[in-house]
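Q: Attaching a single structure in structure tokens format; questions to follow.
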Amino acid sequence: MELNSVAIYLLLVIFTFLDAGNGSRFNQEAEDPIKRSDFPPGFLFGAATSAYQVEGAYLEDGKSLNNWDEFCHSKGCAEDGENGDIADDHYHLFMQDIEMMHSLGLKAYRFSISWSRILPSGRFGEVNPLGIRFYNNIVDNLIHKGIEPFVTIHHNDLPQELEEKYGAWLDPQMQDDFVHFAEICFKSFGDRVKYWVTINEPNLVSEMAYERGDYPPNRCSQPFGNCIAGNSDVEPLFAMHNMLLAHGKAAKLYHDKFQGGLIGLVAHCFMYEPLTDSYLDQKAAERAMLFNIGWSFDPPIFGDYPQVMREYHGNNLPTFSADEKEFMKNSIDFIGINHYSAIYTKDCMNSSCTETANRAIKGFVEITGERNGVPIGDPTSMPRFFVVPRGMEEIVNYFKTRYNNTPMFITENGYSSPHVQDVKVEEILNDFKRIEFHQTYLASLAEAIRNGADVRGYFIWSLMDNYEWAQGYNNRFGLHYVDRETFDRVPKLSGRWYQEFLKENGHVDLSAIRTAKSAHKQADFYDV
């Protein structure tokens, strides 16, 4: 890929921007910066994306409409109706992207497989050979470059036909469809793929799709939203139950018939901290952890939901049969942690809260990013995400204690700067705050590992700016900026930092980008 002249020009003028005082530069001399050597040998450092967010080609080569295609085309997504029809055009540019990963020095790449690209009609139709070919090409070229494929089977997108036939995750039939899809993936790619994630963030999907109605199929009830249909107090529990059973059945299939690798589940994981030192707020924080982390990982590790959830939800919480408990228990080889932020919790059973927080589905817990008007950390573009590095060590230690130090991967961690009206591209490229974010979170993670946590990998979200679901393209988490007109990938300073970090350089000389020679060098860095 050759960057156009505009992109190269932008890199050349960054030095003037650095001297303009826009954004704070972290001081690497203030303390020893985190180094690659602070992590164990063999630790997997990578970056992550997902199919709908980067691939595009939404109806090419036999792919059918998925739930997000339908949702965004009919209801409209993001503020200006953006969608993932083209996304980052990874479907056509994947070879350039793999070369970009190789140049960065990634040891692993976490990506997902588009369900509707492999099985356009689910188990009711045939396997799409062109979809299989596409992912075979990705897997083979990653391995050729020495990059470990870390594959997520399901990351939010699913064939729209399954939603229309029986309501997707609200119906137990979806378990059979998912297992069929997983088996096709194991058969097609399992001889080379050694790391599998069954489902990404079932807890967040249950909340966003069936409680708040912000994701397809746009189901909710008052006071959570104004959806046409849904029940925000019950449907999230049923959707989650079907996703967990789908995971358990797929994991059993893998362990029984395929093996040769590891299989796990990924959840969205806030670190919940009490708003005050009161006993009630401390119990609220404990409850929030169980209603989110425990909800996600107690069943695939212990075989059932946390008892406190049964106490609060009663008969609304589905039950596992004896046989289901048996195959669910210890059905994961590793825990996948998507962690971005810590957040405060307030008890709602003995104090006033918002109408949406004061309900069993939320554990009677209010979450807030502020205490006495002071944010828990620096803000980002996401309302619930703050920069709180200590949360990384705390969340890992929580998993270490509750789940007997089951092996862990940090499957997502990333930063998106607060929105700035009419932001200039050079400001986006000059992302010192992102570098500082990853340095401090990695330092926190390294401390947890030094204290015995069995963490085996870390994936930055994301390899490049992409379609961030309901937030569209203006929430930028990437190590690379993507020009929305040309689809050129332009390396940000954080990409340069990560490359040097992975080379095991203790000190990263970012001042090298100040010169025209180094700017050209960085532009050429990604040519293939």
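Each chain in the structure tokens gets a letter, A, B, ..., in the order shown, and its residues are numbered from 1; ligands are numbered from 1 in order too.
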List every residue of stretch 114-259 of chain A that DSSP, applied to the backbone of this structure, assigns to helix (DSSP H, G or I), and report them as a PyMOL selection string.

A: chain A and resi 115-118+122-124+129-144+160-166+168-170+173-189+202-210+235-258

Q: I'd like to know which residues of stretch 80-155 of chain A are strand (DSSP E) (by DSSP, run on the backbone); could you write them as a PyMOL selection string?

A: chain A and resi 108-112+148-154

Q: How close does stretch 324-405 of chain A get to stretch 261-274 of chain A? List, as a Markdown table, each residue of stretch 324-405 of chain A within 6 Å, its nearest atom pair and the distance in Å to one decimal, counting only C-alpha atoms.

A:
| residue | atom | partner | partner_atom | distance |
| --- | --- | --- | --- | --- |
| A:Ile332 | CA | A:Gly264 | CA | 4.6 |
| A:Asp333 | CA | A:Ile263 | CA | 5.4 |
| A:Phe334 | CA | A:Gly264 | CA | 4.9 |
| A:Ile335 | CA | A:Gly264 | CA | 5.8 |
| A:Gly336 | CA | A:Val266 | CA | 4.1 |
| A:Ile337 | CA | A:Ala267 | CA | 5.8 |
| A:Asn338 | CA | A:His268 | CA | 4.9 |
| A:His339 | CA | A:Cys269 | CA | 5.2 |
| A:Ser341 | CA | A:Phe270 | CA | 5.7 |
| A:Ala342 | CA | A:Met271 | CA | 4.4 |
| A:Ile343 | CA | A:Tyr272 | CA | 5.2 |
| A:Tyr344 | CA | A:Glu273 | CA | 4.8 |
| A:Thr345 | CA | A:Pro274 | CA | 4.9 |
| A:Gly391 | CA | A:Met271 | CA | 5.7 |
| A:Ile395 | CA | A:Met271 | CA | 5.6 |

Q: How would the residues just picked look written out with N, CA, C and O atoms as an mmCIF file, in the first residue's frame?

A:
data_model
loop_
_atom_site.group_PDB
_atom_site.id
_atom_site.type_symbol
_atom_site.label_atom_id
_atom_site.label_comp_id
_atom_site.auth_asym_id
_atom_site.auth_seq_id
_atom_site.Cartn_x
_atom_site.Cartn_y
_atom_site.Cartn_z
ATOM 1 N N ILE A 332 -14.301 -23.954 30.009
ATOM 2 C CA ILE A 332 -13.368 -23.000 29.400
ATOM 3 C C ILE A 332 -11.938 -23.353 29.804
ATOM 4 O O ILE A 332 -11.678 -23.787 30.925
ATOM 5 N N ASP A 333 -11.038 -23.168 28.860
ATOM 6 C CA ASP A 333 -9.614 -23.347 29.114
ATOM 7 C C ASP A 333 -8.957 -22.026 29.514
ATOM 8 O O ASP A 333 -7.873 -22.031 30.096
ATOM 9 N N PHE A 334 -9.598 -20.924 29.174
ATOM 10 C CA PHE A 334 -9.081 -19.614 29.568
ATOM 11 C C PHE A 334 -10.231 -18.622 29.679
ATOM 12 O O PHE A 334 -11.309 -18.812 29.104
ATOM 13 N N ILE A 335 -9.980 -17.577 30.437
ATOM 14 C CA ILE A 335 -10.909 -16.464 30.620
ATOM 15 C C ILE A 335 -10.450 -15.308 29.744
ATOM 16 O O ILE A 335 -9.289 -14.912 29.775
ATOM 17 N N GLY A 336 -11.366 -14.763 28.942
ATOM 18 C CA GLY A 336 -11.073 -13.586 28.131
ATOM 19 C C GLY A 336 -11.638 -12.350 28.799
ATOM 20 O O GLY A 336 -12.841 -12.279 29.079
ATOM 21 N N ILE A 337 -10.781 -11.374 29.060
ATOM 22 C CA ILE A 337 -11.173 -10.166 29.786
ATOM 23 C C ILE A 337 -11.097 -8.965 28.849
ATOM 24 O O ILE A 337 -10.011 -8.588 28.399
ATOM 25 N N ASN A 338 -12.240 -8.372 28.539
ATOM 26 C CA ASN A 338 -12.275 -7.090 27.833
ATOM 27 C C ASN A 338 -12.415 -6.001 28.891
ATOM 28 O O ASN A 338 -13.493 -5.825 29.478
ATOM 29 N N HIS A 339 -11.330 -5.322 29.170
ATOM 30 C CA HIS A 339 -11.334 -4.339 30.258
ATOM 31 C C HIS A 339 -10.890 -2.980 29.756
ATOM 32 O O HIS A 339 -9.845 -2.853 29.109
ATOM 33 N N SER A 341 -12.188 0.080 31.903
ATOM 34 C CA SER A 341 -12.379 1.106 32.925
ATOM 35 C C SER A 341 -12.846 0.521 34.249
ATOM 36 O O SER A 341 -13.438 -0.564 34.290
ATOM 37 N N ALA A 342 -12.579 1.257 35.293
ATOM 38 C CA ALA A 342 -13.231 1.042 36.577
ATOM 39 C C ALA A 342 -14.361 2.059 36.695
ATOM 40 O O ALA A 342 -14.363 3.094 36.004
ATOM 41 N N ILE A 343 -15.322 1.770 37.573
ATOM 42 C CA ILE A 343 -16.464 2.669 37.718
ATOM 43 C C ILE A 343 -17.035 2.499 39.128
ATOM 44 O O ILE A 343 -16.901 1.434 39.740
ATOM 45 N N TYR A 344 -17.652 3.551 39.647
ATOM 46 C CA TYR A 344 -18.199 3.512 41.001
ATOM 47 C C TYR A 344 -19.577 2.859 41.041
ATOM 48 O O TYR A 344 -20.335 2.905 40.066
ATOM 49 N N THR A 345 -19.901 2.277 42.200
ATOM 50 C CA THR A 345 -21.215 1.670 42.416
ATOM 51 C C THR A 345 -21.859 2.227 43.680
ATOM 52 O O THR A 345 -21.184 2.486 44.680
ATOM 53 N N GLY A 391 -7.449 -0.246 37.805
ATOM 54 C CA GLY A 391 -8.523 -1.204 37.578
ATOM 55 C C GLY A 391 -8.043 -2.471 36.901
ATOM 56 O O GLY A 391 -8.615 -3.544 37.105
ATOM 57 N N ILE A 395 -8.984 -5.989 38.498
ATOM 58 C CA ILE A 395 -9.879 -6.946 37.843
ATOM 59 C C ILE A 395 -9.187 -8.285 37.661
ATOM 60 O O ILE A 395 -9.784 -9.356 37.836
#

Q: What is the distance between atom CA of A:Glu370 and atom CA of A:Thr401, in Å to one decimal?

A: 27.6 Å

Q: Report as JSON lines the residues of stretch 423-497 of chain A within 10 Å of stretch 99-108 of chain A, each with its shortest atom pair and distance in Å (one decimal), using only C-alpha atoms, ordered by chain and increasing residue number.

A:
{"residue": "A:Gly457", "atom": "CA", "partner": "A:Ala108", "partner_atom": "CA", "distance": 8.8}
{"residue": "A:Tyr458", "atom": "CA", "partner": "A:Ala108", "partner_atom": "CA", "distance": 9.2}
{"residue": "A:Phe459", "atom": "CA", "partner": "A:Ala108", "partner_atom": "CA", "distance": 8.1}
{"residue": "A:Leu463", "atom": "CA", "partner": "A:Met101", "partner_atom": "CA", "distance": 8.0}
{"residue": "A:Leu479", "atom": "CA", "partner": "A:Leu104", "partner_atom": "CA", "distance": 9.9}
{"residue": "A:His480", "atom": "CA", "partner": "A:Met100", "partner_atom": "CA", "distance": 9.7}
{"residue": "A:Arg489", "atom": "CA", "partner": "A:Met100", "partner_atom": "CA", "distance": 8.9}
{"residue": "A:Pro491", "atom": "CA", "partner": "A:Met100", "partner_atom": "CA", "distance": 9.3}
{"residue": "A:Gly495", "atom": "CA", "partner": "A:Leu104", "partner_atom": "CA", "distance": 7.2}
{"residue": "A:Arg496", "atom": "CA", "partner": "A:Leu104", "partner_atom": "CA", "distance": 7.7}
{"residue": "A:Trp497", "atom": "CA", "partner": "A:Leu104", "partner_atom": "CA", "distance": 9.4}

Q: Give one line per residue of stretch 109-156 of chain A that approaches stretch 46-54 of chain A to at most 10 Å, naming the two atoms of the closest pair and their distance in Å to one decimal, counting only C-alpha atoms; sort by chain then ascending residue number and deliver it as a tab-separated table.

A:
residue	atom	partner	partner_atom	distance
A:Tyr109	CA	A:Gly46	CA	5.4
A:Arg110	CA	A:Ala48	CA	4.5
A:Phe111	CA	A:Ser50	CA	5.1
A:Ser112	CA	A:Ser50	CA	4.9
A:Ile113	CA	A:Ala51	CA	5.9
A:Ser114	CA	A:Ala51	CA	5.6
A:Trp115	CA	A:Ala51	CA	9.1
A:Arg117	CA	A:Ala51	CA	9.7
A:Ile147	CA	A:Gly46	CA	8.7
A:Glu148	CA	A:Gly46	CA	8.8
A:Pro149	CA	A:Gly46	CA	9.8
A:Phe150	CA	A:Ala48	CA	8.9
A:Val151	CA	A:Ser50	CA	9.6
A:Thr152	CA	A:Ser50	CA	8.1
A:Ile153	CA	A:Ser50	CA	10.0
A:His154	CA	A:Ser50	CA	9.1
A:His155	CA	A:Ser50	CA	6.5
A:Asn156	CA	A:Tyr52	CA	8.2

Q: Just the residues within 7 Å of A:Asn330, please, counting only C-alpha atoms, with nothing from its chain fewer than 5 positions along; format it as a PyMOL selection string.

A: chain A and resi 300-302

Q: Nearest residue to A:Leu290 out of A:Gly248, A:Gly230, A:Gly363, A:Gly314, using only C-alpha atoms?

A: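 Result for the nearest residue to A:Leu290: A:Gly363.
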
Q: Between A:Glu504, A:Asp32, A:Glu311, A:Asp431, which has the minimum distance to A:Ala360 (counting only C-alpha atoms)?

A: A:Glu311

Q: With only C-alpha atoms as the atoms that count, which of A:Met464, A:Ala284, A:Leu275, A:Leu317 lies nearest to A:Asp483?

A: A:Met464

Q: Measuring atom to atom with only C-alpha atoms, identify which of A:Asp281, A:Asp378, A:Asp233, A:Asp323 is nearest to A:Asn350.

A: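 Ranking A:Asp281, A:Asp378, A:Asp233, A:Asp323 by distance to A:Asn350, first place goes to A:Asp281.
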